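To be precise, the following lines are upload-v4.cif, and they hold mmCIF, C-alpha atoms.
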data_coords
#
loop_
_atom_site.label_atom_id
_atom_site.label_comp_id
_atom_site.auth_asym_id
_atom_site.auth_seq_id
_atom_site.Cartn_x
_atom_site.Cartn_y
_atom_site.Cartn_z
CA MET A 1 65.66 96.24 64.86
CA HIS A 2 63.04 96.33 67.57
CA TYR A 3 62.72 93.20 69.68
CA LYS A 4 61.49 91.79 72.96
CA ILE A 5 63.14 89.04 75.02
CA ILE A 6 61.16 86.98 77.51
CA GLY A 7 62.62 84.26 79.74
CA GLU A 8 65.97 82.56 80.00
CA GLY A 9 67.44 79.45 78.42
CA ARG A 10 67.81 78.21 74.88
CA PRO A 11 67.05 80.96 72.35
CA VAL A 12 64.09 80.77 69.99
CA ILE A 13 63.96 83.48 67.32
CA ILE A 14 60.31 84.26 66.52
CA LEU A 15 59.28 85.97 63.27
CA HIS A 16 55.79 87.30 62.55
CA SER A 17 53.80 87.43 59.32
CA MET A 18 53.75 90.30 56.86
CA GLY A 19 51.89 93.41 57.94
CA THR A 20 51.84 92.51 61.65
CA ASN A 21 54.38 92.86 64.44
CA LEU A 22 55.80 90.88 67.34
CA ARG A 23 52.59 91.19 69.36
CA ALA A 24 50.82 88.91 66.87
CA MET A 25 53.21 86.11 67.89
CA GLU A 26 53.69 86.89 71.57
CA ALA A 27 49.96 86.91 72.26
CA TRP A 28 49.36 83.26 71.34
CA LEU A 29 52.80 81.75 71.92
CA GLU A 30 53.53 82.94 75.45
CA PRO A 31 50.88 80.67 77.01
CA VAL A 32 52.63 77.78 75.24
CA PHE A 33 56.13 78.76 76.33
CA LEU A 34 55.03 79.29 79.92
CA LYS A 35 54.45 75.54 80.10
CA ASP A 36 58.13 74.93 79.24
CA GLU A 37 60.52 77.41 80.82
CA ARG A 38 63.67 76.10 79.10
CA PHE A 39 63.51 78.69 76.33
CA LYS A 40 64.42 82.33 75.85
CA ARG A 41 61.89 83.83 73.47
CA ILE A 42 63.24 86.53 71.18
CA TYR A 43 60.38 88.25 69.39
CA LEU A 44 61.36 90.52 66.50
CA ASP A 45 59.69 93.25 64.51
CA LEU A 46 60.89 92.48 61.01
CA PRO A 47 62.22 95.44 58.97
CA ALA A 48 59.40 97.79 57.85
CA HIS A 49 57.18 96.34 60.56
CA GLY A 50 56.32 97.43 64.07
CA LYS A 51 59.04 99.66 65.44
CA SER A 52 61.77 98.36 63.11
CA THR A 53 62.67 100.86 60.42
CA ILE A 54 64.36 100.49 57.03
CA SER A 55 66.99 102.49 55.19
CA CYS A 56 66.49 103.99 51.75
CA ASP A 57 68.46 101.14 50.13
CA PHE A 58 66.39 98.37 51.73
CA LYS A 59 64.89 96.18 49.00
CA GLY A 60 63.16 93.16 50.44
CA THR A 61 63.62 89.66 51.77
CA GLU A 62 67.35 89.31 51.08
CA HIS A 63 68.02 92.42 53.14
CA SER A 64 65.55 91.34 55.80
CA VAL A 65 67.31 88.00 56.25
CA GLU A 66 70.70 89.71 56.36
CA ASN A 67 69.42 92.11 59.02
CA VAL A 68 68.06 89.31 61.19
CA ILE A 69 71.30 87.32 60.89
CA SER A 70 73.24 90.40 61.99
CA PHE A 71 70.82 90.87 64.88
CA ILE A 72 71.31 87.25 65.96
CA GLY A 73 75.07 87.75 66.09
CA GLN A 74 74.72 90.91 68.14
CA THR A 75 72.15 89.43 70.53
CA ILE A 76 73.21 85.83 71.22
CA GLY A 77 76.71 85.68 69.72
CA ASN A 78 77.68 82.16 68.69
CA GLU A 79 74.96 80.43 70.70
CA ASP A 80 72.81 77.86 68.92
CA PHE A 81 69.11 78.66 68.52
CA SER A 82 65.77 77.56 67.08
CA LEU A 83 63.48 79.39 64.68
CA LEU A 84 59.73 79.82 64.69
CA GLY A 85 58.15 81.79 61.87
CA MET A 86 54.70 82.45 60.52
CA SER A 87 53.74 83.02 56.87
CA TYR A 88 56.28 85.52 55.46
CA GLY A 89 58.25 85.21 58.70
CA ALA A 90 58.42 81.47 58.09
CA TYR A 91 59.91 82.12 54.64
CA ALA A 92 62.50 84.44 56.18
CA ALA A 93 63.21 81.73 58.78
CA GLN A 94 64.01 79.30 55.96
CA GLY A 95 66.50 81.77 54.50
CA ILE A 96 68.14 82.27 57.89
CA MET A 97 68.43 78.56 58.56
CA ASP A 98 69.81 77.93 55.07
CA ARG A 99 72.73 80.25 55.87
CA MET A 100 73.20 79.20 59.50
CA THR A 101 72.28 75.52 59.28
CA GLU A 102 74.89 74.26 61.75
CA ARG A 103 73.60 76.54 64.50
CA VAL A 104 69.86 75.88 64.18
CA GLU A 105 68.50 73.32 66.63
CA GLY A 106 64.99 73.21 65.20
CA ILE A 107 62.48 75.09 63.08
CA ALA A 108 58.72 75.57 63.25
CA LEU A 109 56.99 76.86 60.12
CA ILE A 110 53.43 78.07 60.65
CA VAL A 111 51.38 78.59 57.44
CA PRO A 112 54.72 79.12 55.66
CA ALA A 113 55.32 80.84 52.38
CA VAL A 114 57.78 78.78 50.31
CA HIS A 115 60.20 79.58 47.52
CA ASN A 116 58.95 77.16 44.90
CA ARG A 117 55.30 78.05 44.43
CA THR A 118 53.02 76.28 41.97
CA GLY A 119 49.83 78.18 42.70
CA ARG A 120 48.05 75.16 44.14
CA LEU A 121 45.72 77.00 46.49
CA PRO A 122 42.30 76.04 47.82
CA GLU A 123 39.39 78.17 46.75
CA ARG A 124 38.63 81.05 49.04
CA ALA A 125 35.87 80.06 51.45
CA VAL A 126 34.24 81.43 54.57
CA LEU A 127 33.67 78.41 56.79
CA THR A 128 31.76 80.17 59.56
CA HIS A 129 30.08 83.56 59.45
CA GLU A 130 28.21 85.18 62.30
CA ALA A 131 25.96 88.04 61.30
CA GLY A 132 25.45 91.25 63.19
CA PHE A 133 28.89 92.19 64.48
CA GLY A 134 31.57 94.64 63.42
CA LYS A 135 29.15 97.03 61.71
CA ASP A 136 30.93 100.09 63.06
CA LEU A 137 34.44 98.95 62.14
CA ASP A 138 36.78 101.00 60.01
CA GLU A 139 36.58 99.88 56.37
CA ASP A 140 40.29 98.98 56.31
CA ILE A 141 39.93 96.65 59.29
CA THR A 142 36.81 95.05 57.84
CA LYS A 143 38.53 94.39 54.51
CA ALA A 144 41.62 92.87 56.15
CA PHE A 145 39.55 90.70 58.47
CA LYS A 146 37.40 89.34 55.63
CA THR A 147 40.46 88.77 53.44
CA LEU A 148 42.41 86.83 56.04
CA MET A 149 39.82 84.97 58.08
CA ALA A 150 38.02 81.78 57.15
CA ILE A 151 36.21 81.83 60.50
CA GLN A 152 34.38 85.14 60.73
CA THR A 153 32.89 85.33 64.20
CA LYS A 154 32.75 87.89 66.99
CA SER A 155 35.43 86.01 68.96
CA SER A 156 37.80 85.80 65.98
CA LEU A 157 37.27 89.50 65.28
CA ASP A 158 38.09 90.38 68.89
CA LEU A 159 41.38 88.46 68.63
CA PHE A 160 42.13 90.03 65.25
CA ILE A 161 41.68 93.54 66.64
CA ASP A 162 43.68 92.79 69.78
CA GLU A 163 46.59 90.89 68.22
CA ILE A 164 46.78 91.64 64.49
CA GLN A 165 45.51 95.19 64.11
CA PRO A 166 48.20 96.85 66.30
CA GLY A 167 50.87 95.61 63.89
CA ARG A 168 48.88 96.69 60.88
CA GLU A 169 48.74 100.20 62.28
CA LEU A 170 52.53 100.33 62.81
CA ALA A 171 53.61 98.72 59.52
CA ASP A 172 55.42 100.78 56.89
CA ARG A 173 52.59 100.72 54.37
CA GLU A 174 54.44 102.84 51.85
CA PHE A 175 57.06 100.13 51.53
CA LEU A 176 54.73 97.15 51.91
CA THR A 177 52.42 98.39 49.16
CA SER A 178 55.28 99.20 46.79
CA ASP A 179 56.47 96.88 44.00
CA TRP A 180 58.90 95.00 46.25
CA ARG A 181 56.75 91.87 46.22
CA GLU A 182 57.14 91.56 42.45
CA ASN A 183 60.88 92.21 42.47
CA TYR A 184 62.35 91.42 45.90
CA TYR A 185 60.05 89.03 47.74
CA LEU A 186 61.88 85.83 46.77
CA LEU A 187 65.36 85.12 48.04
CA ASP A 188 68.15 84.93 45.48
CA ALA A 189 68.24 81.15 45.83
CA ALA A 190 65.78 78.58 47.13
CA PRO A 191 66.52 77.70 50.78
CA PHE A 192 68.08 74.27 51.34
CA ALA A 193 68.61 73.58 47.62
CA ARG A 194 72.15 72.36 48.40
CA LEU A 195 70.98 69.98 51.15
CA GLU A 196 69.57 66.51 50.61
CA SER A 197 68.37 66.09 54.18
CA ILE A 198 68.04 68.14 57.36
CA ASP A 199 68.11 66.38 60.73
CA VAL A 200 66.52 68.72 63.28
CA PRO A 201 63.02 68.72 64.83
CA ALA A 202 60.74 70.58 62.43
CA LEU A 203 57.07 71.47 62.36
CA PHE A 204 55.05 72.28 59.25
CA LEU A 205 51.62 73.54 60.33
CA MET A 206 49.09 74.61 57.68
CA GLY A 207 45.37 75.27 57.32
CA LYS A 208 43.42 73.14 54.85
CA GLN A 209 41.47 76.22 53.72
CA ASP A 210 44.47 78.57 53.54
CA TRP A 211 43.94 80.36 50.22
CA ILE A 212 46.93 82.63 50.81
CA CYS A 213 49.86 80.20 51.19
CA GLY A 214 48.09 76.90 50.71
CA TRP A 215 49.41 73.60 52.06
CA GLU A 216 50.47 71.45 49.11
CA ASP A 217 53.58 73.31 47.94
CA GLN A 218 55.09 72.93 51.41
CA TYR A 219 55.26 69.15 51.11
CA ASP A 220 58.30 69.11 48.82
CA LEU A 221 60.26 71.11 51.40
CA PHE A 222 58.97 68.93 54.23
CA LYS A 223 60.45 65.82 52.59
CA LYS A 224 63.97 67.16 53.19
CA PHE A 225 63.46 67.08 56.95
CA THR A 226 64.06 63.69 58.54
CA ARG A 227 62.45 64.62 61.89
CA ALA A 228 59.48 66.69 60.82
CA SER A 229 55.73 66.73 61.40
CA PHE A 230 53.47 67.82 58.54
CA ILE A 231 50.10 68.88 59.92
CA VAL A 232 47.18 70.30 57.96
CA LEU A 233 44.30 71.51 60.11
CA GLU A 234 40.85 71.10 58.60
CA GLY A 235 38.48 73.97 59.27
CA SER A 236 41.07 76.73 59.29
CA GLY A 237 42.76 79.10 56.91
CA HIS A 238 45.81 81.34 57.02
CA MET A 239 44.97 82.59 60.51
CA LEU A 240 44.83 79.16 62.09
CA HIS A 241 46.46 80.42 65.28
CA ILE A 242 43.23 82.38 65.83
CA GLU A 243 40.77 79.97 64.25
CA LYS A 244 42.22 76.77 65.78
CA ARG A 245 44.24 78.22 68.65
CA GLU A 246 44.12 75.23 70.96
CA MET A 247 45.22 72.81 68.25
CA ALA A 248 47.90 75.15 66.92
CA SER A 249 49.25 75.66 70.43
CA THR A 250 49.37 71.91 71.04
CA CYS A 251 51.37 71.41 67.84
CA VAL A 252 53.93 74.03 68.90
CA GLU A 253 54.08 72.53 72.39
CA ASP A 254 54.85 69.12 70.88
CA TRP A 255 57.62 70.66 68.72
CA LEU A 256 59.21 72.26 71.78
CA LYS A 257 59.27 68.87 73.49
CA ALA A 258 60.95 67.39 70.39
CA LEU A 259 63.78 69.92 70.73
CA GLY A 260 64.85 67.87 73.77
#
Once you've parsed the file, please lay out its structure as structure tokens.
Amino acid sequence: MHYKIIGEGRPVIILHSMGTNLRAMEAWLEPVFLKDERFKRIYLDLPAHGKSTISCDFKGTEHSVENVISFIGQTIGNEDFSLLGMSYGAYAAQGIMDRMTERVEGIALIVPAVHNRTGRLPERAVLTHEAGFGKDLDEDITKAFKTLMAIQTKSSLDLFIDEIQPGRELADREFLTSDWRENYYLLDAAPFARLESIDVPALFLMGKQDWICGWEDQYDLFKKFTRASFIVLEGSGHMLHIEKREMASTCVEDWLKALG
């Protein structure tokens, strides 16, 4: 498991989205954490991503969660910690917290995938499109950018290439494009099904135009958290940390303050 630790203090385990790597999180979160030096940031490359490899018997999310839990034990021992995850990483974070509830001080879920999905997704829409840029881009980059971004401008493309594309180039595409999503994406059991309420600072941050994970299915999970914020940013999609960076950063900053 490849990882990067920055700072000292209370640990925050940070999990990126599918097909990226730890750089995608470090790039936008470090300016936020530098305002509050109480936290040790532990950025991970999830299995099959970045520089983290997988064995031949690796199947999917269950194994990924088990690997991260093992990593936590090896890295911080019995110390309590918080979790911050994005998209698929936010789903993995739910599975980790479900199994280590007593040790988790707080959780931030950015455009999270959830276990119980109803398919309530907004229609795909491009909110802003600037013409005349990116004409010489590789076709694979162009397709990914147009698939993921609701704000398609030169500045959002520059951030995409700088922060997202490096992880795309390192990802284990053979595994990620296999049939694991159909068979091994979901955890064996829905996170927190056994719990009626969860009393830690939590952040649910979604984009109103997120046609990948949506924002409505997350509300049922949110209701279990007694100290949670549920924020849906208008004018942004699944890549809200690029499209609405200042607002997304402020929401994370507020969550860190809530951790006390």
**OP:** Check the smallest atom-to-atom distance from each of A:His241, A:Phe175, A:Leu83, A:Asp199 to Met25 in chain A using all atoms listed in the file, then report the winner.
**Re:** A:His241
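Among the candidates A:Ala193, A:Val68, A:Ile151, A:Val104, the one nearest to Arg10 in chain A when counting only C-alpha atoms is A:Val104.
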Might you pull out every residue within 12 Å of Leu137 in chain A, with all atoms listed in the file counted and same-chain residues fewer than 4 positions away left off, and present them as a PDB file with C-alpha atoms, in the coordinates of the input?
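Produced file result.pdb, reproduced below:
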ATOM      1  CA  GLY A 132      25.450  91.250  63.190  1.00  0.00           C
ATOM      2  CA  PHE A 133      28.890  92.190  64.480  1.00  0.00           C
ATOM      3  CA  ILE A 141      39.930  96.650  59.290  1.00  0.00           C
ATOM      4  CA  THR A 142      36.810  95.050  57.840  1.00  0.00           C
ATOM      5  CA  LYS A 143      38.530  94.390  54.510  1.00  0.00           C
ATOM      6  CA  ALA A 144      41.620  92.870  56.150  1.00  0.00           C
ATOM      7  CA  PHE A 145      39.550  90.700  58.470  1.00  0.00           C
ATOM      8  CA  LYS A 146      37.400  89.340  55.630  1.00  0.00           C
ATOM      9  CA  LEU A 157      37.270  89.500  65.280  1.00  0.00           C
ATOM     10  CA  ASP A 158      38.090  90.380  68.890  1.00  0.00           C
ATOM     11  CA  ILE A 161      41.680  93.540  66.640  1.00  0.00           C
ATOM     12  CA  GLN A 165      45.510  95.190  64.110  1.00  0.00           C
TER      13      GLN A 165
END
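Compared by their closest atoms to Ala92 in chain A, and using all atoms listed in the file, the residues A:Ala190, A:Gln218, A:Leu148, A:Thr128 rank with A:Ala190 nearest.
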Original post:
If the PyMOL selection byres ((chain A and resi 45) around 12) is run on the structure shown, which residues does it catch, given as a ChimeraX atom specification?
Top reply: /A:1-5,13-26,42-44,46-54,64,67-68,71,85,89,167-168,170-172
Subject >> Pairwise distance for CA of Glu123 in chain A and CA of Asp210 in chain A, rounded to one decimal in Å >> reply: 8.5 Å
Subject >> Residue neighbourhood range 229-240 of chain A, 6 Å, only C-alpha atoms, exclusion window fewer than 4 positions, as a PyMOL selection string >> reply: chain A and resi 150+203-210+244
Export of the given selection (C-alpha atoms) as a PDB file, in the coordinates of the input:
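Okay, out.pdb is ready:
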ATOM      1  CA  ALA A 150      38.020  81.780  57.150  1.00  0.00           C
ATOM      2  CA  LEU A 203      57.070  71.470  62.360  1.00  0.00           C
ATOM      3  CA  PHE A 204      55.050  72.280  59.250  1.00  0.00           C
ATOM      4  CA  LEU A 205      51.620  73.540  60.330  1.00  0.00           C
ATOM      5  CA  MET A 206      49.090  74.610  57.680  1.00  0.00           C
ATOM      6  CA  GLY A 207      45.370  75.270  57.320  1.00  0.00           C
ATOM      7  CA  LYS A 208      43.420  73.140  54.850  1.00  0.00           C
ATOM      8  CA  GLN A 209      41.470  76.220  53.720  1.00  0.00           C
ATOM      9  CA  ASP A 210      44.470  78.570  53.540  1.00  0.00           C
ATOM     10  CA  LYS A 244      42.220  76.770  65.780  1.00  0.00           C
TER      11      LYS A 244
END
Subject >> One-decimal distance in Å that lies between CA of His129 in chain A and CA of Thr153 in chain A >> reply: 5.8 Å
How big is the axis-aligned box around the listed atoms of range 121-135 of chain A once 5 Å is added on each side, and where is its centre? Give both in Å to one decimal, as JSON.
{"center_x": 35.6, "center_y": 86.5, "center_z": 55.5, "size_x": 30.3, "size_y": 31.0, "size_z": 28.0}
